[in-house]
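These notes are about the structure you will find just below.
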Amino acid sequence: MKILVTGGAGFIGSNLVFTLAERGHKITVVDNLTSGNKKNLKNFKDRFIEDDVSKPAVIEELKKEKFDIIFHEAANTDTTFKNDEEMFRANVDGYKNILSIADISRSAVVYASSAATYGRGKSPMNEDQKPDPLNAYAVSKKMMDDITKEEIKRGTFPIIGLRYFNVYGPRESFKGKSSSMIYQLYLQMKAGKRPRIFKYGEQKRDFIYVKDVVSANIMAMEKTLKGESGIFNVGTARAESFNKLVQELNKNLGTNYNPEYFDNPYGFYQNVTEADMMLSEKNLGFRTEYDIEKGIADYVKYLINCG
Ligand SMILES: NC(=O)c1ccc[n+]([C@@H]2O[C@H](COP(=O)([O-])OP(=O)(O)OC[C@H]3O[C@@H](n4cnc5c(N)ncnc54)[C@H](O)[C@@H]3O)[C@@H](O)[C@H]2O)c1
């Protein structure tokens, strides 16, 4: 199939690109390299376009092609970004542009939404509960979901939105301060330092390994190609504490660090996120392969092999 992947030089996008390439699909990646890096696409043989999907020029070019499916991963992924208008321009206008391509070519669309839309909402978080976006990034993802719901009513082409929870795994290093807690703690411990976490490490997140996120995308692809649409959670249905991450990293690194606790400076912090995965299981047939123990073990092995 002919596939467009936006944000394909980023963390999740690049993992998806290599899985699609292994399956023999013909892939075009568009990425403006703001948080992604071409090094994430080392040995990628298909087409790479360095451009911004929120700008019209590249969109007009892409409208001339017929993609069977578009995976939209491109976004400003910085949850602390202060310029709201610029955030909405990049994420919401970018998404509308992608939908305008699908509208012409009738391509299926699978896009990245986020658990950030749930904010401090109740856990386990289900797709129908009231959104509570706490920052511009989360608002932009909620706006994308709202646009999707309208588009699904129109029924012109199939769309699946995937609300990722906290993703970790290979190729996230270019995200810097936006990289996962697991990667940041790993770097501290690898450098011989005590891992620094907010007091007292009992905040919980639903951490999902990127290999499972790629599988969810492949399942969503298969559903959209059958004409199905919807918005679904992508998590493990198990919230894990930051203390547990340190424990698993110690186990896999052969270390014995105690965390160094410090005050949480964020007013908008989510204390617990945990996905209700019933709808995803039922509609996508999605089940995770990696729990936190297996995911961290696989990831640490990868990081050590990469030097
Ligand atoms: N990593 C997570 O835990 C997580 C959780 C929820 C949702 N998401 C969503 O998943 C998607 C992928 O995130 P990621 O973690 O791989 O982050 P990432 O920052 O590594 O990937 C985003 C990619 O999009 C590119 N990009 C940004 N703006 C662009 C634009 N206007 N035009 C073209 N390319 C652009 C960046 O250069 C980068 O390569 C994003 O939409 C993000 O919001 C991620």
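Chain identifiers are assigned as A, B, and so on, following the order in which chains appear in the structure tokens; residues are numbered from 1 within each chain, and ligands are numbered from 1 in order of appearance.
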Item to complete: Could you give me, as number ranges by chain, every polymer residue with an atom at most 7 Å away from an atom of ligand 1, counting only C-alpha atoms and all ligand atoms?
Response: A: 6-13, 30-37, 51-54, 73-77, 90-91, 94, 112-116, 163-168, 172, 174-175, 180
Practice prompt. Could you give me, as a PyMOL selection string, the residues within 8 Å of A:Leu162, counting only C-alpha atoms and dropping anything in the same chain fewer than 3 positions from it?
Written response: chain A and resi 110-114+217+231-234
Please dump the current selection as a PDB file, in the first residue's frame; keep N, CA, C and O atoms.
ATOM      1  N   VAL A 110      -5.368   7.437  10.420  1.00  0.00           N
ATOM      2  CA  VAL A 110      -5.161   7.052  11.825  1.00  0.00           C
ATOM      3  C   VAL A 110      -4.300   8.154  12.431  1.00  0.00           C
ATOM      4  O   VAL A 110      -3.234   8.462  11.908  1.00  0.00           O
ATOM      5  N   TYR A 111      -4.775   8.788  13.506  1.00  0.00           N
ATOM      6  CA  TYR A 111      -3.996   9.914  14.055  1.00  0.00           C
ATOM      7  C   TYR A 111      -3.758   9.735  15.554  1.00  0.00           C
ATOM      8  O   TYR A 111      -4.477   9.001  16.238  1.00  0.00           O
ATOM      9  N   ALA A 112      -2.754  10.463  16.030  1.00  0.00           N
ATOM     10  CA  ALA A 112      -2.371  10.391  17.445  1.00  0.00           C
ATOM     11  C   ALA A 112      -3.147  11.418  18.251  1.00  0.00           C
ATOM     12  O   ALA A 112      -2.960  12.620  18.075  1.00  0.00           O
ATOM     13  N   SER A 113      -4.009  10.933  19.132  1.00  0.00           N
ATOM     14  CA  SER A 113      -4.607  11.803  20.142  1.00  0.00           C
ATOM     15  C   SER A 113      -3.814  11.553  21.434  1.00  0.00           C
ATOM     16  O   SER A 113      -2.701  11.006  21.379  1.00  0.00           O
ATOM     17  N   SER A 114      -4.373  11.928  22.571  1.00  0.00           N
ATOM     18  CA  SER A 114      -3.576  11.789  23.798  1.00  0.00           C
ATOM     19  C   SER A 114      -4.445  11.643  25.047  1.00  0.00           C
ATOM     20  O   SER A 114      -5.522  12.242  25.135  1.00  0.00           O
ATOM     21  N   ASN A 217      -1.510   0.832  16.202  1.00  0.00           N
ATOM     22  CA  ASN A 217      -1.645   1.549  14.923  1.00  0.00           C
ATOM     23  C   ASN A 217      -1.939   0.593  13.765  1.00  0.00           C
ATOM     24  O   ASN A 217      -2.744   0.897  12.889  1.00  0.00           O
ATOM     25  N   ILE A 231     -12.629   6.679  18.243  1.00  0.00           N
ATOM     26  CA  ILE A 231     -11.503   7.188  19.043  1.00  0.00           C
ATOM     27  C   ILE A 231     -11.304   6.211  20.205  1.00  0.00           C
ATOM     28  O   ILE A 231     -12.265   5.908  20.927  1.00  0.00           O
ATOM     29  N   PHE A 232     -10.080   5.729  20.346  1.00  0.00           N
ATOM     30  CA  PHE A 232      -9.836   4.654  21.318  1.00  0.00           C
ATOM     31  C   PHE A 232      -8.585   4.910  22.164  1.00  0.00           C
ATOM     32  O   PHE A 232      -7.593   5.449  21.665  1.00  0.00           O
ATOM     33  N   ASN A 233      -8.636   4.448  23.404  1.00  0.00           N
ATOM     34  CA  ASN A 233      -7.469   4.521  24.286  1.00  0.00           C
ATOM     35  C   ASN A 233      -6.389   3.545  23.846  1.00  0.00           C
ATOM     36  O   ASN A 233      -6.692   2.440  23.369  1.00  0.00           O
ATOM     37  N   VAL A 234      -5.138   3.945  24.070  1.00  0.00           N
ATOM     38  CA  VAL A 234      -4.014   3.031  23.867  1.00  0.00           C
ATOM     39  C   VAL A 234      -3.139   3.095  25.126  1.00  0.00           C
ATOM     40  O   VAL A 234      -2.300   3.981  25.281  1.00  0.00           O
TER      41      VAL A 234
END
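Nearest to A:Tyr290 of all the residues A:Gln270, A:Asn252, A:Asn264, A:Ser215 is A:Ser215, counting only C-alpha atoms.
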Practice prompt. Please provide the set of residues having any atom within 9 Å of stretch 86-88 of chain A, restricted to only C-alpha atoms, with same-chain residues fewer than 4 positions apart removed, written as a list in words.
Written response: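 My reading of the contact set: Ala75, Asn76, Phe81, Lys82, Val92, Asp93, Gly94, Ala136, Tyr137, Val139, Ser140 and Met143 of chain A.
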Discussion item. When DSSP is applied to the backbone of this structure, which of stretch 16-117 of chain A are assigned alpha helix (DSSP H)? Write them out as a PyMOL selection string.
Written reply: chain A and resi 16-22+56-62+84-88+94-105
Practice prompt. Find the residue from A:Phe286, A:Tyr186, A:Tyr200, A:Tyr266 that sits nearest to A:Glu248; use only C-alpha atoms when measuring.
Written response: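 Smallest separation from A:Glu248 among the options: A:Tyr186.
Closest approach to A:Lys38 among A:Asp103, A:Ser14, A:Glu22, A:Ile160: A:Ser14, based on only C-alpha atoms.
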Worksheet entry | Pick from A:Arg238, A:Gly176, A:Arg120, A:Asn40 nearest to A:Asp132, counting only C-alpha atoms | A:Arg120
Worksheet item: Rounded to one decimal in Å, what is the spacing between atom CA of A:Lys190 and atom CA of A:Ile208?
Response: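 Result for atom CA of A:Lys190 versus atom CA of A:Ile208: 21.8 Å, one decimal.
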Worksheet entry | Which of A:Ile296, A:Leu253, A:Met125, A:Met219 sits closest to A:Lys282 [using only C-alpha atoms] | A:Met219
Item to complete: Would you list, as a VMD selection string, the residues of stretch 147-269 of chain A that end up in strand (DSSP E or B) under DSSP run on this structure's backbone?
Response: chain A and resid 159 to 164 166 to 168 196 to 198 204 to 205 207 to 209 230 to 234 240 to 241 260 to 262
Item to complete: Can you work out which one of A:Arg47, A:Asn256, A:Lys64, A:Glu281 has the shortest atom-to-atom distance to A:Gly192, counting only C-alpha atoms?
Response: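 Among A:Arg47, A:Asn256, A:Lys64, A:Glu281, it is A:Asn256 that comes nearest to A:Gly192.
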